[in-house]
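Visitor: Dropping the structure in here first, questions after.
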Amino acid sequence: MSVIENYFNSYIHIGLQELEYVALMDRSEDKFIIPIDWCGDLSKKLIADYNILEIANERQFRYDNLYFDTPDNICLEDHIRGRKNRFKVRIRSYSNSNISFLEVKSRNVYGRSKKERIKRTSEKWDSPFTIEEKEFLSNCVPFARELRPVLYSSYSRFTIANISRGERITFDTNLEYKTITGERYKPLEGLAIVELKQGVTDRRSPLHRIFRERKDRRAPLGRTIRISKYILGRLHTNKNLSARAYLESLKELTRAKDVLENIT
């Protein structure tokens, strides 16, 4: 049992069917990087307002992902440069349940994220696209034919939800990346990624209030950040990417690590 798992033992649980009420396939998202040690205090302050997802007596779930991009990195470049309309394409495997999906996440000019997906039927979760999946991609992504696998990632996740508020909060730890050729990287040891997902953007969320009240909050820890797990992975696994284009994202991660070292 991991330390972070202990933090969520006392939560009242819900199942997948109840979580569907806050599926939030069209949503706003806020991301935070925090020290794992903060999760204990967060869990105590959120327990009155949220329930935790539990499946087959499990509350912590492993996610495996395979990301796709074009040879000239359209998805990566659009994200880093802050393009209003952009895409992220991945296969996601829910390892605990042996279910996988082909997913397309898009972001529009209003800053909202939309996710479309279809369930995979392949024997291996990361098998090549089927004819049906290629058709699905061509209907979602203008550059579907150019997509190729570029990066694996995995992490452990807890999901808590407030159904009446239309909110989900996820806590991701043990983040690991693997290149297509097999090199492995763990850039966030000691840190967790927290994501607040809402149907309607509301800065009065309990999570925002708790972070604002923390006296030990130091940027970027506990503050909203623009970086994504996909971007983190590409930055750490491909040294040929333009340092100038990714400088601000690298600074965010470096600052997070420095602050963590100073407070531990």
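Identifiers for the structure tokens are assigned positionally: chains receive A, B, ... in sequence, residues are indexed from 1 per chain, and ligands are indexed from 1 in the order shown.
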Residues within 10 Å of region 90-95 of chain A, please, as a ChimeraX atom specification. Count only C-alpha atoms; anything in the same chain fewer than 3 positions from it doesn't count.
Guide: /A:61-69,98-105,117-120,124-127,129,149-154,230
Visitor: Quick one: pick out all strand (DSSP E or B) residues within region 71-205 of chain A from a backbone DSSP run and write them as a count of residues only.
Guide: 62
Visitor: Restricting the calculation to only C-alpha atoms, which member of A:Asp49, A:Glu176, A:Glu123, A:Glu146 is positioned closest to Arg234 (chain A)?
Guide: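 For Arg234 (chain A), the nearest of the given residues is A:Glu176.
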Visitor: Work out how far apart CA of Asn162 (chain A) and CA of Arg59 (chain A) are and give it in Å to one decimal.
Guide: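 That distance, rounded to one decimal, is 16.1 Å.
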Visitor: Using only C-alpha atoms, can you tell me which of A:Asn108, A:Ser97, A:Asn51, A:Thr224 comes closest to Leu19 (chain A)?
Guide: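 Closest candidate: A:Asn51.
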